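Text of final-v5.csv (CSV, C-alpha atoms) as supplied:
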chain,number,residue,atom,x,y,z
Y,1,MET,CA,181.9,45.9,152.5
Y,2,SER,CA,182.2,47.6,149.2
Y,3,GLU,CA,185.5,49.2,148.2
Y,4,THR,CA,184.2,52.7,148.5
Y,5,ALA,CA,182.9,52.0,152.0
Y,6,THR,CA,186.2,50.5,153.0
Y,7,GLU,CA,188.0,53.5,151.8
Y,8,LEU,CA,185.6,55.8,153.7
Y,9,THR,CA,186.1,54.0,157.0
Y,10,ARG,CA,189.9,53.9,156.4
Y,11,SER,CA,190.2,57.5,155.3
Y,12,ARG,CA,192.8,59.3,157.5
Y,13,PRO,CA,191.6,62.2,159.6
Y,14,THR,CA,193.6,65.4,159.0
Y,15,ALA,CA,192.4,67.2,162.1
Y,16,PRO,CA,195.0,67.9,164.8
Y,17,GLU,CA,195.6,65.1,167.3
Y,18,ALA,CA,192.9,65.0,169.9
Y,19,ARG,CA,194.1,64.5,173.5
Y,20,LEU,CA,192.0,63.6,176.5
Y,21,ARG,CA,193.3,64.0,180.0
Y,22,PHE,CA,191.9,62.4,183.2
Y,23,GLN,CA,192.8,60.9,186.5
Y,24,VAL,CA,192.2,57.3,187.5
Y,25,THR,CA,191.5,57.7,191.3
Y,26,ASP,CA,190.6,54.1,192.1
Y,27,TRP,CA,190.5,50.7,190.4
Y,28,MET,CA,189.5,47.1,191.2
Y,29,ALA,CA,189.8,44.0,189.1
Y,30,ALA,CA,188.5,40.4,189.5
Y,31,SER,CA,189.4,37.2,187.6
Y,32,PRO,CA,189.1,33.6,188.6
Y,33,GLU,CA,192.8,33.7,189.5
Y,34,ARG,CA,193.1,37.0,191.2
Y,35,ARG,CA,190.9,39.0,193.6
Y,36,GLY,CA,191.7,41.9,195.8
Y,37,ARG,CA,194.2,44.8,195.4
Y,38,ALA,CA,197.2,43.0,196.8
Y,39,ALA,CA,197.0,40.2,194.2
Y,40,TRP,CA,196.8,42.6,191.3
Y,41,LEU,CA,199.6,44.9,192.5
Y,42,ASP,CA,201.8,41.8,192.8
Y,43,TRP,CA,200.7,40.7,189.3
Y,44,ALA,CA,201.7,44.1,187.8
Y,45,GLY,CA,205.0,44.1,189.7
Y,46,ALA,CA,203.9,47.2,191.6
Y,47,PRO,CA,204.8,47.9,195.2
Y,48,ALA,CA,202.3,46.8,197.8
Y,49,GLN,CA,199.9,49.5,199.2
Y,50,PRO,CA,198.4,49.7,202.7
Y,51,ALA,CA,195.3,47.6,202.8
Y,52,ALA,CA,192.1,49.6,202.0
Y,53,ASP,CA,188.9,49.1,203.9
Y,54,ALA,CA,187.1,45.8,203.2
Y,55,ALA,CA,185.0,46.1,200.1
Y,56,ALA,CA,181.3,45.7,200.1
Y,57,PRO,CA,180.3,42.2,199.1
Y,58,VAL,CA,178.1,41.6,196.0
Y,59,PRO,CA,174.6,41.2,197.4
Y,60,ALA,CA,173.3,37.6,197.1
Y,61,SER,CA,170.2,38.9,195.3
Y,62,LEU,CA,172.5,40.2,192.5
Y,63,ARG,CA,174.9,37.3,192.5
Y,64,ARG,CA,172.2,34.8,191.7
Y,65,ARG,CA,171.2,36.6,188.6
Y,66,LEU,CA,174.6,37.0,187.1
Y,67,ARG,CA,176.8,34.5,185.2
Y,68,GLN,CA,180.6,34.5,185.3
Y,69,ALA,CA,181.3,37.7,183.3
Y,70,GLY,CA,178.6,39.8,185.0
Y,71,LEU,CA,179.7,38.5,188.4
Y,72,LEU,CA,183.3,39.6,187.7
Y,73,ALA,CA,182.0,43.0,186.7
Y,74,ALA,CA,179.9,43.3,189.9
Y,75,GLU,CA,182.9,42.2,192.0
Y,76,ALA,CA,185.1,44.8,190.5
Y,77,LEU,CA,182.5,47.6,190.9
Y,78,PHE,CA,181.5,46.7,194.5
Y,79,GLY,CA,185.3,46.3,195.3
Y,80,LEU,CA,185.9,50.0,194.7
Y,81,ALA,CA,186.3,52.4,197.7
Y,82,PRO,CA,182.9,54.1,198.4
Y,83,LEU,CA,182.5,57.2,196.2
Y,84,THR,CA,180.9,60.4,197.4
Y,85,GLY,CA,178.1,61.2,195.1
Y,86,GLN,CA,176.8,59.1,192.3
Y,87,PRO,CA,179.1,58.3,189.4
Y,88,ARG,CA,178.0,57.9,185.9
Y,89,LEU,CA,178.5,54.3,184.8
Y,90,VAL,CA,180.0,53.1,181.5
Y,91,PHE,CA,179.9,49.4,180.9
Y,92,CYS,CA,181.8,47.8,178.1
Y,93,SER,CA,182.2,44.2,176.9
Y,94,ARG,CA,182.9,42.5,173.6
Y,95,HIS,CA,180.6,39.5,174.2
Y,96,GLY,CA,178.7,40.3,177.3
Y,97,GLU,CA,177.4,37.3,179.2
Y,98,PHE,CA,177.5,35.1,176.1
Y,99,GLN,CA,176.8,31.9,178.2
Y,100,ARG,CA,173.3,33.2,178.6
Y,101,ASN,CA,172.7,33.6,174.9
Y,102,LEU,CA,174.1,30.1,174.3
Y,103,ASN,CA,171.7,28.7,176.9
Y,104,LEU,CA,168.8,30.4,175.1
Y,105,LEU,CA,169.9,29.1,171.7
Y,106,ARG,CA,170.2,25.5,173.2
Y,107,GLN,CA,166.7,25.8,174.6
Y,108,LEU,CA,165.3,27.0,171.3
Y,109,VAL,CA,167.0,24.0,169.5
Y,110,ALA,CA,165.6,21.6,172.1
Y,111,GLU,CA,162.2,23.3,171.8
Y,112,GLU,CA,162.2,23.8,175.6
Y,113,PRO,CA,160.7,26.9,177.1
Y,114,LEU,CA,163.2,29.8,177.3
Y,115,SER,CA,164.5,30.8,180.7
Y,116,PRO,CA,162.7,34.0,181.6
Y,117,THR,CA,165.8,35.2,183.6
Y,118,ASP,CA,168.2,34.5,180.7
Y,119,PHE,CA,165.8,36.1,178.2
Y,120,SER,CA,165.3,39.2,180.3
Y,121,LEU,CA,169.0,39.7,180.8
Y,122,SER,CA,170.2,38.8,177.3
Y,123,VAL,CA,170.4,42.3,175.9
Y,124,HIS,CA,173.8,44.0,176.2
Y,125,ASN,CA,172.8,46.7,178.6
Y,126,ALA,CA,170.9,44.3,181.0
Y,127,ILE,CA,174.0,43.8,183.2
Y,128,ALA,CA,174.5,47.5,183.5
Y,129,GLY,CA,170.9,47.9,184.4
Y,130,LEU,CA,170.9,45.1,187.0
Y,131,ILE,CA,174.1,46.3,188.7
Y,132,SER,CA,173.0,49.9,188.7
Y,133,ILE,CA,169.7,48.9,190.4
Y,134,ALA,CA,171.7,46.7,193.0
Y,135,SER,CA,174.1,49.6,193.7
Y,136,GLY,CA,171.3,52.2,193.9
Y,137,ASN,CA,172.9,54.2,191.1
Y,138,ARG,CA,170.5,56.6,189.3
Y,139,ALA,CA,173.1,58.7,187.5
Y,140,GLY,CA,172.6,56.9,184.2
Y,141,HIS,CA,174.6,54.3,182.3
Y,142,THR,CA,175.9,53.4,178.9
Y,143,ALA,CA,176.7,49.9,177.6
Y,144,ILE,CA,179.2,49.6,174.8
Y,145,ALA,CA,180.3,46.7,172.6
Y,146,ALA,CA,183.0,47.5,170.0
Y,147,GLY,CA,184.5,44.2,168.9
Y,148,ARG,CA,188.1,43.7,170.0
Y,149,GLU,CA,188.4,47.3,170.9
Y,150,SER,CA,185.5,47.3,173.4
Y,151,PHE,CA,187.6,48.2,176.4
Y,152,GLN,CA,189.3,51.1,174.5
Y,153,ALA,CA,185.9,52.4,173.2
Y,154,GLY,CA,184.6,52.2,176.8
Y,155,LEU,CA,187.5,54.1,178.1
Y,156,LEU,CA,187.1,56.7,175.4
Y,157,GLU,CA,183.4,57.1,176.3
Y,158,ALA,CA,184.3,57.5,180.0
Y,159,ALA,CA,187.1,60.0,179.3
Y,160,VAL,CA,184.8,62.1,177.1
Y,161,LEU,CA,182.1,62.1,179.8
Y,162,VAL,CA,184.7,63.4,182.3
Y,163,LYS,CA,185.6,66.1,179.8
Y,164,ALA,CA,182.0,67.0,179.2
Y,165,ALA,CA,181.0,67.1,182.9
Y,166,PRO,CA,184.2,67.5,185.0
Y,167,GLU,CA,182.3,67.6,188.3
Y,168,GLN,CA,180.9,64.1,188.0
Y,169,PRO,CA,183.1,61.1,188.4
Y,170,VAL,CA,182.6,58.2,185.9
Y,171,VAL,CA,183.1,54.6,186.6
Y,172,LEU,CA,184.1,52.4,183.7
Y,173,VAL,CA,183.4,48.7,184.1
Y,174,HIS,CA,184.9,46.3,181.5
Y,175,TYR,CA,183.9,42.7,181.7
Y,176,ASP,CA,184.3,39.7,179.3
Y,177,GLU,CA,184.9,36.0,179.2
Y,178,PRO,CA,186.2,33.8,176.4
Y,179,LEU,CA,183.4,32.5,174.1
Y,180,PRO,CA,182.1,29.1,175.3
Y,181,THR,CA,182.2,25.9,173.3
Y,182,PRO,CA,181.3,25.5,170.4
Y,183,PHE,CA,182.4,29.0,169.5
Y,184,GLU,CA,186.2,28.4,170.0
Y,185,PRO,CA,187.0,29.3,166.3
Y,186,PHE,CA,185.9,32.9,167.1
Y,187,ARG,CA,187.8,33.2,170.3
Y,188,ASP,CA,190.6,35.6,170.7
Y,189,PRO,CA,193.7,34.0,172.2
Y,190,ALA,CA,194.2,36.9,174.6
Y,191,GLU,CA,190.6,36.8,176.0
Y,192,THR,CA,190.4,35.8,179.6
Y,193,PRO,CA,187.6,36.1,182.2
Y,194,ILE,CA,187.9,39.6,183.6
Y,195,GLY,CA,186.0,42.3,185.4
Y,196,LEU,CA,187.8,45.7,185.7
Y,197,ALA,CA,186.4,48.9,187.3
Y,198,LEU,CA,188.1,52.2,187.0
Y,199,VAL,CA,187.1,55.5,188.6
Y,200,LEU,CA,187.8,58.4,186.2
Y,201,LYS,CA,187.8,62.1,187.4
Y,202,ALA,CA,188.8,65.3,185.7
Y,203,ALA,CA,192.6,65.8,185.9
Y,204,GLY,CA,193.5,68.4,188.5
Y,205,SER,CA,196.9,68.6,190.2
Y,206,GLY,CA,198.6,65.3,190.7
Y,207,PRO,CA,199.1,62.4,188.4
Y,208,ALA,CA,197.0,62.1,185.3
Y,209,VAL,CA,196.7,59.9,182.2
Y,210,THR,CA,196.6,61.3,178.7
Y,211,MET,CA,194.9,59.5,175.9
Y,212,THR,CA,195.3,59.9,172.1
Y,213,LEU,CA,193.9,58.2,169.1
Y,214,GLU,CA,195.9,58.0,165.9
Y,215,PRO,CA,195.3,56.3,162.6
Y,216,ALA,CA,197.1,52.9,162.7
Y,217,ARG,CA,200.1,52.6,160.5
Y,218,GLU,CA,199.6,49.8,158.0
Y,219,GLU,CA,202.4,47.5,159.2
Y,220,LYS,CA,201.1,47.4,162.8
Y,221,ALA,CA,197.4,47.2,162.0
Y,222,GLY,CA,195.7,44.1,163.3
Y,223,THR,CA,198.6,42.5,165.2
Y,224,GLU,CA,197.6,40.0,167.8
Y,225,PRO,CA,198.2,41.3,171.3
Y,226,ALA,CA,199.5,39.0,173.9
Y,227,GLU,CA,197.3,40.4,176.7
Y,228,SER,CA,193.7,41.6,176.5
Y,229,PRO,CA,193.4,45.4,176.3
Y,230,SER,CA,191.9,45.9,179.7
Y,231,LEU,CA,194.6,43.8,181.4
Y,232,ALA,CA,197.3,45.7,179.4
Y,233,PHE,CA,195.8,49.0,180.6
Y,234,LEU,CA,195.7,47.9,184.2
Y,235,ARG,CA,199.3,46.8,184.0
Y,236,PHE,CA,200.2,50.2,182.5
Y,237,LEU,CA,198.2,51.9,185.2
Y,238,LEU,CA,199.8,50.1,188.1
Y,239,GLY,CA,203.2,49.3,186.7
Y,240,GLY,CA,206.1,51.5,185.8
Y,241,ALA,CA,205.7,51.8,182.0
Y,242,ASP,CA,205.5,55.5,180.7
Y,243,GLU,CA,203.3,54.6,177.8
Y,244,LEU,CA,200.9,52.0,176.5
Y,245,SER,CA,199.9,51.8,172.9
Y,246,LEU,CA,197.4,49.3,171.5
Y,247,THR,CA,196.9,49.1,167.8
Y,248,GLY,CA,193.5,48.0,166.7
Y,249,ARG,CA,192.1,47.5,163.2
Y,250,TRP,CA,192.3,51.1,162.1
Y,251,ARG,CA,193.6,53.0,165.1
Y,252,THR,CA,196.3,53.2,167.6
Y,253,TRP,CA,195.2,54.0,171.1
Y,254,ARG,CA,197.9,55.6,173.2
Y,255,TRP,CA,198.0,56.4,176.9
Y,256,ARG,CA,200.8,58.2,178.8
Y,257,HIS,CA,201.3,58.9,182.4
Y,258,ALA,CA,201.5,62.7,182.8
Y,259,ALA,CA,202.5,64.6,185.9
L,1,MET,CA,152.1,17.1,201.5
L,2,ARG,CA,155.3,17.7,203.6
L,3,GLU,CA,157.3,15.8,201.1
L,4,LEU,CA,155.9,17.8,198.2
L,5,GLU,CA,156.6,21.0,200.1
L,6,LEU,CA,160.3,20.0,200.6
L,7,GLU,CA,160.5,19.1,196.9
L,8,LEU,CA,159.2,22.5,196.0
L,9,LYS,CA,161.6,24.2,198.3
L,10,LYS,CA,164.5,22.4,196.6
L,11,LEU,CA,163.1,23.3,193.2
L,12,ILE,CA,162.9,27.0,194.3
L,13,VAL,CA,166.4,27.0,195.6
L,14,THR,CA,168.0,25.4,192.6
L,15,THR,CA,165.9,27.0,189.9
L,16,LEU,CA,166.4,30.5,191.3
L,17,ALA,CA,170.0,30.0,192.4
L,18,LEU,CA,169.3,31.0,196.0
L,19,GLU,CA,172.9,30.2,197.0
L,20,ASP,CA,172.6,31.6,200.5
L,21,ILE,CA,169.5,29.6,201.5
L,22,ARG,CA,169.0,25.9,202.2
L,23,PRO,CA,165.6,24.4,201.2
L,24,GLU,CA,164.9,23.4,204.8
L,25,GLU,CA,165.3,27.1,205.9
L,26,ILE,CA,162.2,28.2,203.9
L,27,ASP,CA,159.1,28.3,206.0
L,28,SER,CA,156.2,26.7,204.2
L,29,GLU,CA,153.9,29.6,205.3
L,30,GLU,CA,156.5,32.3,204.5
L,31,LEU,CA,155.5,34.7,201.7
L,32,LEU,CA,157.6,34.0,198.6
L,33,PHE,CA,157.3,37.3,196.8
L,34,GLY,CA,157.9,40.8,197.9
L,35,GLU,CA,158.3,40.4,201.7
L,36,GLY,CA,159.4,37.1,203.1
L,37,LEU,CA,161.8,35.3,200.7
L,38,GLY,CA,161.9,38.4,198.5
L,39,LEU,CA,161.3,36.9,195.1
L,40,ASP,CA,160.3,39.1,192.2
L,41,SER,CA,158.3,38.9,188.9
L,42,ILE,CA,161.2,37.3,186.9
L,43,ASP,CA,161.4,34.6,189.6
L,44,ALA,CA,157.7,34.0,189.3
L,45,LEU,CA,158.1,33.4,185.5
L,46,GLU,CA,161.2,31.2,186.1
L,47,LEU,CA,159.2,29.2,188.7
L,48,GLY,CA,156.4,28.8,186.2
L,49,VAL,CA,158.7,27.3,183.7
L,50,ALA,CA,160.2,24.9,186.3
L,51,LEU,CA,156.7,23.8,187.3
L,52,ARG,CA,155.9,23.0,183.7
L,53,GLN,CA,159.1,21.0,183.2
L,54,THR,CA,158.8,19.2,186.5
L,55,TYR,CA,155.1,18.5,186.9
L,56,GLY,CA,153.7,19.3,183.5
L,57,ILE,CA,151.6,22.1,184.9
L,58,ARG,CA,150.9,24.9,182.4
L,59,ILE,CA,150.1,28.3,183.7
L,60,GLU,CA,148.6,30.2,180.7
L,61,SER,CA,148.1,33.6,182.3
L,62,VAL,CA,148.6,35.3,185.6
L,63,THR,CA,145.2,35.6,187.3
L,64,ALA,CA,144.4,36.5,190.9
L,65,GLU,CA,144.0,32.8,191.5
L,66,VAL,CA,147.5,32.0,190.2
L,67,ARG,CA,148.8,34.8,192.5
L,68,GLU,CA,147.2,33.0,195.5
L,69,HIS,CA,148.7,29.7,194.5
L,70,PHE,CA,152.2,31.3,194.3
L,71,ALA,CA,151.9,33.0,197.7
L,72,THR,CA,153.7,30.4,199.8
L,73,VAL,CA,155.3,27.0,199.5
L,74,ALA,CA,152.2,25.5,201.3
L,75,SER,CA,149.8,27.1,198.8
L,76,LEU,CA,152.0,26.1,195.9
L,77,ALA,CA,152.1,22.4,197.1
L,78,ARG,CA,148.2,22.4,197.3
L,79,PHE,CA,148.1,23.7,193.8
L,80,VAL,CA,150.6,21.2,192.4
L,81,ALA,CA,148.9,18.3,194.2
L,82,ALA,CA,145.5,19.4,192.9
L,83,SER,CA,146.8,19.9,189.3
L,84,ARG,CA,148.4,16.4,189.3
L,85,GLU,CA,145.2,14.6,190.3
What do you get writing this file as structure tokens?
Amino acid sequence: MSETATELTRSRPTAPEARLRFQVTDWMAASPERRGRAAWLDWAGAPAQPAADAAAPVPASLRRRLRQAGLLAAEALFGLAPLTGQPRLVFCSRHGEFQRNLNLLRQLVAEEPLSPTDFSLSVHNAIAGLISIASGNRAGHTAIAAGRESFQAGLLEAAVLVKAAPEQPVVLVHYDEPLPTPFEPFRDPAETPIGLALVLKAAGSGPAVTMTLEPAREEKAGTEPAESPSLAFLRFLLGGADELSLTGRWRTWRWRHAA
Amino acid sequence: MRELELELKKLIVTTLALEDIRPEEIDSEELLFGEGLGLDSIDALELGVALRQTYGIRIESVTAEVREHFATVASLARFVAASRE
């Protein structure tokens, strides 16, 4: 990037701080180690809650098309309590189902025919499309990739959609997995296989979350987080912390619990 | 032909990751696409690639004839047997 371009992207906004407000009315997460509400509440050090109704299983016809990351996304989404009306869907992932792309690359190198399934599902919004078909959702979906800040960008998109159309709930689905071999040099130490689904609604009476975005202060910019952003957010959501701030390359994302 | 049919059922189950179905459970006369086993067009393409890799059969374009070959395991077995001769 040229010096001018760097300066442009780094220029500090002078507009007043923007604040978004929403409620998270339901959540579900899935990882190879943890499945189900009880396991995640225990992980976050939160008190146990009465068991919810058994979640719908991921249909076999969908399972067989998905690889690890997509399957975790589907498990999280299908694990939510049934919603009245159709939510808009926002999917976010840094790498998507990268295993699939690796498989295609290997087939190209070996001069083998490409797997039609892998090829047809190798674009970033394919998983959103597949899961929206399987769940009968016609409300529209968005698929986001924004590097290390993919979860944050997805949550921003979901919060903005709630602000724009307060009557329609939005389900945010974040999913990722560490890059497979031989891409270890590009792996983030904090990356783990995860699927997280959050139901966002307009803040009414009752607990809400506020979200702000500020320019990162130089000294904190680019520090390596110990936990991936989506897990840090889930811990904040379930646990007792008043605030969560995550500093990305140029911005600090901040969430607070609000009454 | 029975042996070839079972071989094809195994190929279908593994290639298409039908984790909830055992090869023996597929009826040779059952429709593979739409109704019956419920496979779709992506499965058909994937199966085409598997036939090419396993039996060296190349399917260049989808004609009405190819559709008939792909209707059931029994018709697929007749097609594979004829192509191998």
What lies within 12 Å of segment 37-42 of chain L using all atoms listed in the file, ignoring chain neighbours under 3 positions off, as number ranges by chain?
-> Y: 60-62, 64-65, 115-121; L: 9, 12-13, 15-18, 20-23, 25-34, 45-49, 62, 67, 70-73
For the selection just defined, write its residues with C-alpha atoms to a file, as a short mmCIF file (atom, residue, chain, number, x, y, z; two decimals), in the frame of the given file.
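Final output, saved to selection_18.cif:
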data_model
loop_
_atom_site.label_atom_id
_atom_site.label_comp_id
_atom_site.auth_asym_id
_atom_site.auth_seq_id
_atom_site.Cartn_x
_atom_site.Cartn_y
_atom_site.Cartn_z
CA ALA Y 60 173.30 37.60 197.10
CA SER Y 61 170.20 38.90 195.30
CA LEU Y 62 172.50 40.20 192.50
CA ARG Y 64 172.20 34.80 191.70
CA ARG Y 65 171.20 36.60 188.60
CA SER Y 115 164.50 30.80 180.70
CA PRO Y 116 162.70 34.00 181.60
CA THR Y 117 165.80 35.20 183.60
CA ASP Y 118 168.20 34.50 180.70
CA PHE Y 119 165.80 36.10 178.20
CA SER Y 120 165.30 39.20 180.30
CA LEU Y 121 169.00 39.70 180.80
CA LYS L 9 161.60 24.20 198.30
CA ILE L 12 162.90 27.00 194.30
CA VAL L 13 166.40 27.00 195.60
CA THR L 15 165.90 27.00 189.90
CA LEU L 16 166.40 30.50 191.30
CA ALA L 17 170.00 30.00 192.40
CA LEU L 18 169.30 31.00 196.00
CA ASP L 20 172.60 31.60 200.50
CA ILE L 21 169.50 29.60 201.50
CA ARG L 22 169.00 25.90 202.20
CA PRO L 23 165.60 24.40 201.20
CA GLU L 25 165.30 27.10 205.90
CA ILE L 26 162.20 28.20 203.90
CA ASP L 27 159.10 28.30 206.00
CA SER L 28 156.20 26.70 204.20
CA GLU L 29 153.90 29.60 205.30
CA GLU L 30 156.50 32.30 204.50
CA LEU L 31 155.50 34.70 201.70
CA LEU L 32 157.60 34.00 198.60
CA PHE L 33 157.30 37.30 196.80
CA GLY L 34 157.90 40.80 197.90
CA LEU L 45 158.10 33.40 185.50
CA GLU L 46 161.20 31.20 186.10
CA LEU L 47 159.20 29.20 188.70
CA GLY L 48 156.40 28.80 186.20
CA VAL L 49 158.70 27.30 183.70
CA VAL L 62 148.60 35.30 185.60
CA ARG L 67 148.80 34.80 192.50
CA PHE L 70 152.20 31.30 194.30
CA ALA L 71 151.90 33.00 197.70
CA THR L 72 153.70 30.40 199.80
CA VAL L 73 155.30 27.00 199.50
#
Name all residues at most 6 Å from segment 184-200 of chain Y (count only C-alpha atoms; drop same-chain ones fewer than 6 positions away) and give them as a JSON list (two decimals) with C-alpha atoms, keeping the file's coordinate frame.
[["chain", "number", "residue", "atom", "x", "y", "z"],
["Y", 23, "GLN", "CA", 192.80, 60.90, 186.50],
["Y", 24, "VAL", "CA", 192.20, 57.30, 187.50],
["Y", 25, "THR", "CA", 191.50, 57.70, 191.30],
["Y", 26, "ASP", "CA", 190.60, 54.10, 192.10],
["Y", 27, "TRP", "CA", 190.50, 50.70, 190.40],
["Y", 28, "MET", "CA", 189.50, 47.10, 191.20],
["Y", 29, "ALA", "CA", 189.80, 44.00, 189.10],
["Y", 30, "ALA", "CA", 188.50, 40.40, 189.50],
["Y", 31, "SER", "CA", 189.40, 37.20, 187.60],
["Y", 72, "LEU", "CA", 183.30, 39.60, 187.70],
["Y", 73, "ALA", "CA", 182.00, 43.00, 186.70],
["Y", 76, "ALA", "CA", 185.10, 44.80, 190.50],
["Y", 77, "LEU", "CA", 182.50, 47.60, 190.90],
["Y", 169, "PRO", "CA", 183.10, 61.10, 188.40],
["Y", 170, "VAL", "CA", 182.60, 58.20, 185.90],
["Y", 171, "VAL", "CA", 183.10, 54.60, 186.60],
["Y", 172, "LEU", "CA", 184.10, 52.40, 183.70],
["Y", 173, "VAL", "CA", 183.40, 48.70, 184.10],
["Y", 174, "HIS", "CA", 184.90, 46.30, 181.50],
["Y", 175, "TYR", "CA", 183.90, 42.70, 181.70],
["Y", 176, "ASP", "CA", 184.30, 39.70, 179.30],
["Y", 177, "GLU", "CA", 184.90, 36.00, 179.20],
["Y", 178, "PRO", "CA", 186.20, 33.80, 176.40],
["Y", 226, "ALA", "CA", 199.50, 39.00, 173.90],
["Y", 227, "GLU", "CA", 197.30, 40.40, 176.70],
["Y", 228, "SER", "CA", 193.70, 41.60, 176.50]]
Can you work out which one of L:Ala64, L:Leu6, L:Leu51, L:Met1 has the shortest atom-to-atom distance to chain Y, counting all atoms listed in the file?
->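 Of the candidates, the smallest distance to chain Y is held by L:Leu51.
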Within 12 Å of segment 123-143 of chain Y, which residues of segment 24-115 of chain Y come that close, and what is the closest atom pair and distance in Å for each? Count all atoms listed in the file and give it as CSV.
residue,atom,partner,partner_atom,distance
Y:Ala56,CA,Y:Ser135,CA,10.4
Y:Pro57,CA,Y:Ser135,CA,11.1
Y:Val58,CA,Y:Ala134,CA,8.7
Y:Pro59,CA,Y:Ala134,CA,7.6
Y:Ala60,CA,Y:Ala134,CA,10.1
Y:Ser61,CA,Y:Ala134,CA,8.3
Y:Leu62,CA,Y:Ala134,CA,6.6
Y:Arg63,CA,Y:Ile131,CA,9.8
Y:Arg64,CA,Y:Leu130,CA,11.4
Y:Arg65,CA,Y:Leu130,CA,8.7
Y:Leu66,CA,Y:Ile127,CA,7.9
Y:Arg67,CA,Y:Ile127,CA,9.9
Y:Gln68,CA,Y:Ile127,CA,11.6
Y:Ala69,CA,Y:Ile127,CA,9.5
Y:Gly70,CA,Y:Ile127,CA,6.4
Y:Leu71,CA,Y:Ile127,CA,9.4
Y:Leu72,CA,Y:Ile127,CA,11.2
Y:Ala73,CA,Y:Ile127,CA,8.8
Y:Ala74,CA,Y:Ile131,CA,6.6
Y:Glu75,CA,Y:Ile131,CA,10.3
Y:Ala76,CA,Y:Ile131,CA,11.2
Y:Leu77,CA,Y:Ile131,CA,8.8
Y:Phe78,CA,Y:Ser135,CA,8.0
Y:Gly79,CA,Y:Ser135,CA,11.8
Y:Leu80,CA,Y:Ser135,CA,11.8
Y:Pro82,CA,Y:Ser135,CA,10.9
Y:Leu83,CA,Y:Asn137,CA,11.3
Y:Thr84,CA,Y:Asn137,CA,11.9
Y:Gly85,CA,Y:Ala139,CA,9.4
Y:Gln86,CA,Y:Ala139,CA,6.1
Y:Pro87,CA,Y:Ala139,CA,6.3
Y:Arg88,CA,Y:Ala139,CA,5.2
Y:Leu89,CA,Y:His141,CA,4.6
Y:Val90,CA,Y:Thr142,CA,4.9
Y:Phe91,CA,Y:Ala143,CA,4.6
Y:Cys92,CA,Y:Ala143,CA,5.5
Y:Ser93,CA,Y:Ala143,CA,8.0
Y:Arg94,CA,Y:His124,CA,9.6
Y:His95,CA,Y:His124,CA,8.4
Y:Gly96,CA,Y:His124,CA,6.2
Y:Glu97,CA,Y:His124,CA,8.2
Y:Phe98,CA,Y:His124,CA,9.6
Y:Arg100,CA,Y:Val123,CA,9.9
Y:Asn101,CA,Y:Val123,CA,9.1
Within 12 Å of Ala51 of chain Y using only C-alpha atoms, minus same-chain residues under 2 positions, as a count of residues only = 11
Which value, in Å to one decimal, gives the distance between atom CA of Ala216 of chain Y and atom CA of Trp250 of chain Y?
->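 For atom CA of Ala216 of chain Y relative to atom CA of Trp250 of chain Y, the distance reads 5.2 Å.
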d(atom CA of Trp253 of chain Y, atom CA of Gly154 of chain Y) in Å = 12.2 Å
Interatomic distance (Å, one decimal) between atom CA of Val160 of chain Y and atom CA of Phe236 of chain Y =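 If I compute the distance from atom CA of Val160 of chain Y to atom CA of Phe236 of chain Y, I get 20.2 Å.
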Taking the point (187.9, 53.3, 169.2) as given in the file, collect each protein or nucleic acid residue that comes within 12 Å of it, counting only C-alpha atoms, and present the set as a PDB file with C-alpha atoms, in the frame of the given file.
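Output contents, as saved in selection26.pdb:
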ATOM      1  CA  ILE Y 144     179.200  49.600 174.800  1.00  0.00           C
ATOM      2  CA  ALA Y 145     180.300  46.700 172.600  1.00  0.00           C
ATOM      3  CA  ALA Y 146     183.000  47.500 170.000  1.00  0.00           C
ATOM      4  CA  GLY Y 147     184.500  44.200 168.900  1.00  0.00           C
ATOM      5  CA  ARG Y 148     188.100  43.700 170.000  1.00  0.00           C
ATOM      6  CA  GLU Y 149     188.400  47.300 170.900  1.00  0.00           C
ATOM      7  CA  SER Y 150     185.500  47.300 173.400  1.00  0.00           C
ATOM      8  CA  PHE Y 151     187.600  48.200 176.400  1.00  0.00           C
ATOM      9  CA  GLN Y 152     189.300  51.100 174.500  1.00  0.00           C
ATOM     10  CA  ALA Y 153     185.900  52.400 173.200  1.00  0.00           C
ATOM     11  CA  GLY Y 154     184.600  52.200 176.800  1.00  0.00           C
ATOM     12  CA  LEU Y 155     187.500  54.100 178.100  1.00  0.00           C
ATOM     13  CA  LEU Y 156     187.100  56.700 175.400  1.00  0.00           C
ATOM     14  CA  GLU Y 157     183.400  57.100 176.300  1.00  0.00           C
ATOM     15  CA  MET Y 211     194.900  59.500 175.900  1.00  0.00           C
ATOM     16  CA  THR Y 212     195.300  59.900 172.100  1.00  0.00           C
ATOM     17  CA  LEU Y 213     193.900  58.200 169.100  1.00  0.00           C
ATOM     18  CA  GLU Y 214     195.900  58.000 165.900  1.00  0.00           C
ATOM     19  CA  PRO Y 215     195.300  56.300 162.600  1.00  0.00           C
ATOM     20  CA  ALA Y 216     197.100  52.900 162.700  1.00  0.00           C
ATOM     21  CA  PRO Y 229     193.400  45.400 176.300  1.00  0.00           C
ATOM     22  CA  LEU Y 246     197.400  49.300 171.500  1.00  0.00           C
ATOM     23  CA  THR Y 247     196.900  49.100 167.800  1.00  0.00           C
ATOM     24  CA  GLY Y 248     193.500  48.000 166.700  1.00  0.00           C
ATOM     25  CA  ARG Y 249     192.100  47.500 163.200  1.00  0.00           C
ATOM     26  CA  TRP Y 250     192.300  51.100 162.100  1.00  0.00           C
ATOM     27  CA  ARG Y 251     193.600  53.000 165.100  1.00  0.00           C
ATOM     28  CA  THR Y 252     196.300  53.200 167.600  1.00  0.00           C
ATOM     29  CA  TRP Y 253     195.200  54.000 171.100  1.00  0.00           C
ATOM     30  CA  ARG Y 254     197.900  55.600 173.200  1.00  0.00           C
TER      31      ARG Y 254
END
